[in-house]
2 protein chains.
Amino acid sequence: MRGKRVIALCGGIGGAKLARGLSELLGPNLTVVVNTGDDFEHLGLTISPDVDTVLYTLADLSDPERGWGRANETWNFMSSLAEVGGETWFQLGDRDLALHIERTRRLRDGQSLTRIVTDIARRFGISARILPMSDDAVRTIVMTDEGPLPFQRYFVGLRCAPAVRAIRFEGANSARVSPEVSASFEQGDVEAIVVCPSNPYLSVDPILAVPGMRQLLRRAGAPIVAVSPIIGGAAIKGPTTKIMAELKIDAANASIVCHYDGIIDGMIVDRIDAADAAALPVATLATATLMRTPEDRVNLARDVLDFARRLTASSEPVPRQRGLG
Amino acid sequence: MRGKRVIALCGGIGGAKLARGLSELLGPNLTVVVNTGDDFEHLGLTISPDVDTVLYTLADLSDPERGWGRANETWNFMSSLAEVGGETWFQLGDRDLALHIERTRRLRDGQSLTRIVTDIARRFGISARILPMSDDAVRTIVMTDEGPLPFQRYFVGLRCAPAVRAIRFEGANSARVSPEVSASFEQGDVEAIVVCPSNPYLSVDPILAVPGMRQLLRRAGAPIVAVSPIIGGAAIKGPTTKIMAELKIDAANASIVCHYDGIIDGMIVDRIDAADAAALPVATLATATLMRTPEDRVNLARDVLDFARRLTASSEPVPRQRGLG
């Protein structure tokens, strides 16, 4: 066994569920590198939707029905904001708002997003390490047939209705991987890297777009496994397959493997897609990937870790059929 | 009768009650000029406590028990803010917060406080005009035996415990009366000016400290009447008499008259102080000044207006025994 730490790359809701399962098995040996391409400025606040979803999910504070935001939430701020003529297209619960106000205050105070998230995670009693992919602003812009749209405007404001033509990551070229993310990959004790079942185009690509991230993945010397966000040709939640269709990509596991070509060593698909799995050009595992219950999350996490360990055992050093750079 | 409009100078809770009574009698013929010396920056938000109290009170949204903030308020933001390590010494309700966030956003957007308050008042269905005393920052600093303290730190954070030695209005020298306040006084139709029963030192003095405000009062050509905030040697609420003692001022109506020397033409005292009234060096009216019920507010407002009208009728033009400058 090469190491004991696991790094997960993660977007929002779906990815956070697997991160939660992993955190229950690994505790402080899990590091979650989270997409910040969805971050935006709203009502004068800096909001980090994916980071917050991961924080709330790992702290057991998230709303199990909605998937985003906090459980036992109230909405009196929003109703009063409507009264005074404020923008109400993005829902902010009364409890959730505290995190945005405090984060914004600390950012203005000069603290890095990483430092803030680390402190909040500690206060929430989370043992896993949660790291924003970068402390520099990367902003996902969805190029649609209605023009370029900031991610949240597209995703929440317009409910993903406009057809996607391309996706850009504004600021990615000059963004830097944070020192904490770099150190996390370079400690020489990484056992596995997991690409969570987040939207590859909107949630994982921004992480991979930060210069140096792909090199860090390669140099960690650990198997990289992805969990497909597609089950039987559909996504559980969110616009993954709609976007794939608009980008003229088959809503199939083969497309996901192809998208992660040169990055992953293995992919986990749902057991209903087991028949396809054999044809995929990477090592595969077919198992139950739908996470409806807390047990589902832990079971999938265990399968992911076992799969990564088998990849390690079967092929030291991990073979690379394709370049990563 | 000289005019039909009434201008009230007003601080927070006590003053807002009379402003509410006046608004029920006068509707759009009332203009309330509100202290902004209490305004402060907190959690990245610009908060205007006195303006908000006047807004909520005139819109019938205020909490009748606390006197500040909104009725049917919830506090989930505050409890979550404590969880993430934020500052919780200043209570911000979930509903109230919307006003602070929206005001801050519009201020950053370049709108004047006056324009923002005017819009909010309209949305709240308030027919009276509510005008911040200035769109420039004036910050009340309480000089105490524990050093200089920003108003809210003294008033809320330390619950007025430190002994007051002096009070300063930072920024007052360079602040300008807003064009809307100037116009309000200069329209030539002012029937009366009312100094509400707010704290003279902390709530009314900042208004009078804005350069040009005293001249506007004088030139409006209307009787100026104050309602004493003191009843039987005590203040109903707040630190008025504590501060008076610390400043070596008798907690008596005579002290209030003396403080407003050269400004007011008449003062209304409570009926339990009727015996003192005769000795005061201005015209006086003794009536019920304690406002416990909505009827109390309207009755006092009616007494104030009648008193001002009698002053006008008895002495056109209004005599000035002292200079105002």
# chains A, B, ... in the order shown; residues from 1 in each chain; ligands from 1
>>> interface_residues(of="chain A", to="chain B", cutoff="9 Å", atoms="only C-alpha atoms", output="NGL selection string")
:A and (43-44 or 73-87 or 93-99 or 101-102 or 104-105 or 108 or 119-121 or 123-124)
>>> residues_around(residues="Asp136 of chain A", least_positions_apart="3", cutoff="8 Å", atoms="only C-alpha atoms", output="PyMOL selection string")
chain A and resi 171+175-176
>>> residues_around(residues="Pro223 of chain B", least_positions_apart="2", cutoff="9 Å", atoms="only C-alpha atoms", output="list in words")
Glu191, Ala192, Ile193, Val194, Ala220, Gly221, Val225, Ile264, Asp265, Gly266, Ala308, Arg309, Leu311, Thr312 and Val318 of chain B
>>> write_last_selection(atoms="N, CA and C atoms", output="short mmCIF file (atom, residue, chain, number, x, y, z; two decimals), in the first residue's frame")
data_model
loop_
_atom_site.label_atom_id
_atom_site.label_comp_id
_atom_site.auth_asym_id
_atom_site.auth_seq_id
_atom_site.Cartn_x
_atom_site.Cartn_y
_atom_site.Cartn_z
N GLU B 191 -45.63 74.32 8.44
CA GLU B 191 -46.53 74.79 9.49
C GLU B 191 -45.88 74.70 10.86
N ALA B 192 -45.13 73.63 11.07
CA ALA B 192 -44.50 73.44 12.38
C ALA B 192 -43.30 72.51 12.23
N ILE B 193 -42.36 72.71 13.16
CA ILE B 193 -41.22 71.79 13.24
C ILE B 193 -41.26 71.17 14.63
N VAL B 194 -41.17 69.84 14.66
CA VAL B 194 -41.29 69.13 15.92
C VAL B 194 -39.99 68.41 16.23
N ALA B 220 -37.20 78.37 8.12
CA ALA B 220 -38.46 77.77 7.68
C ALA B 220 -39.65 78.64 8.08
N GLY B 221 -39.45 79.52 9.08
CA GLY B 221 -40.52 80.45 9.47
C GLY B 221 -41.68 79.78 10.15
N VAL B 225 -41.28 73.22 18.12
CA VAL B 225 -41.64 72.72 19.45
C VAL B 225 -40.95 71.38 19.69
N ILE B 264 -35.74 76.12 20.02
CA ILE B 264 -37.19 75.85 20.13
C ILE B 264 -37.97 77.08 20.60
N ASP B 265 -39.22 77.10 20.19
CA ASP B 265 -40.14 78.16 20.62
C ASP B 265 -41.05 77.68 21.74
N GLY B 266 -41.16 76.39 21.87
CA GLY B 266 -42.04 75.86 22.89
C GLY B 266 -41.66 74.44 23.23
N ALA B 308 -48.37 73.91 18.52
CA ALA B 308 -47.61 74.67 17.52
C ALA B 308 -48.52 75.70 16.84
N ARG B 309 -49.76 75.30 16.56
CA ARG B 309 -50.70 76.23 15.89
C ARG B 309 -51.03 77.40 16.81
N LEU B 311 -49.03 78.60 19.05
CA LEU B 311 -47.84 79.46 19.05
C LEU B 311 -47.83 80.36 17.83
N THR B 312 -48.22 79.79 16.70
CA THR B 312 -48.26 80.56 15.46
C THR B 312 -49.31 81.68 15.55
N VAL B 318 -43.43 84.52 14.43
CA VAL B 318 -43.01 83.82 15.64
C VAL B 318 -41.88 84.60 16.32
#
>>> select_by_dssp(residues="segment 17-125 of chain B", states="helix (DSSP H, G or I)", output="PyMOL selection string")
chain B and resi 17-29+49-58+76-83+94-108+113-123
>>> select_by_dssp(residues="segment 75-227 of chain A", states="strand (DSSP E)", output="ChimeraX atom specification")
/A:129-132,139-144,147-150,164-170,190-195,224-227
>>> closest_residue(among="B:Gly232, B:Ile13, B:Leu280, B:Gly21", to="Ser255 of chain B", atoms="only C-alpha atoms")
B:Leu280
>>> residues_around(residues="Asp273 of chain B", least_positions_apart="6", cutoff="9 Å", atoms="only C-alpha atoms", output="PyMOL selection string")
chain B and resi 231-233+253+286-287
>>> write_last_selection(atoms="N, CA and C atoms", output="PDB file, in the first residue's frame")
ATOM      1  N   ILE B 231     -39.727  62.442  31.871  1.00  0.00           N
ATOM      2  CA  ILE B 231     -41.013  62.458  32.591  1.00  0.00           C
ATOM      3  C   ILE B 231     -40.715  62.239  34.069  1.00  0.00           C
ATOM      4  N   GLY B 232     -41.017  63.232  34.871  1.00  0.00           N
ATOM      5  CA  GLY B 232     -40.789  63.101  36.313  1.00  0.00           C
ATOM      6  C   GLY B 232     -39.332  62.814  36.660  1.00  0.00           C
ATOM      7  N   GLY B 233     -38.437  63.383  35.888  1.00  0.00           N
ATOM      8  CA  GLY B 233     -37.007  63.227  36.200  1.00  0.00           C
ATOM      9  C   GLY B 233     -36.379  61.956  35.672  1.00  0.00           C
ATOM     10  N   ASN B 253     -36.657  69.002  32.996  1.00  0.00           N
ATOM     11  CA  ASN B 253     -37.118  69.633  31.760  1.00  0.00           C
ATOM     12  C   ASN B 253     -36.376  70.946  31.490  1.00  0.00           C
ATOM     13  N   ALA B 286     -48.364  71.187  29.075  1.00  0.00           N
ATOM     14  CA  ALA B 286     -48.247  69.947  29.847  1.00  0.00           C
ATOM     15  C   ALA B 286     -49.369  69.022  29.419  1.00  0.00           C
ATOM     16  N   THR B 287     -48.976  67.816  28.997  1.00  0.00           N
ATOM     17  CA  THR B 287     -49.976  66.840  28.548  1.00  0.00           C
ATOM     18  C   THR B 287     -49.413  65.437  28.763  1.00  0.00           C
TER      19      THR B 287
END
>>> atom_distance(atom1="atom CA of Phe155 of chain A", atom2="atom CA of Ile224 of chain A")
28.6 Å
>>> closest_residue(among="A:Ala226, A:Val34, A:Ala19, A:Leu216", to="Ile126 of chain A", atoms="only C-alpha atoms")
A:Ala19
>>> atom_distance(atom1="atom CA of Arg5 of chain A", atom2="atom CA of Val190 of chain A")
4.7 Å
>>> closest_residue(among="A:Leu55, A:Leu149, A:Val257, A:Ala278", to="Lys17 of chain A", atoms="only C-alpha atoms")
A:Leu55
>>> residues_around(residues="segment 244-247 of chain A", least_positions_apart="5", cutoff="12 Å", atoms="only C-alpha atoms", output="list of chain:residue names")
A:Val142, A:Met143, A:Thr144, A:Asp145, A:Cys160, A:Ala161, A:Pro162, A:Ala163, A:Val164, A:Arg165, A:Ala166, A:Ile167, A:Asn199, A:Pro200, A:Tyr201, A:Leu202, A:Pro229, A:Ile230, A:Gly233, A:Ala234, A:Ala235, A:Gly238, A:Pro239, A:Ala252, A:Asn253, A:Ser255, A:Ile256, A:His259
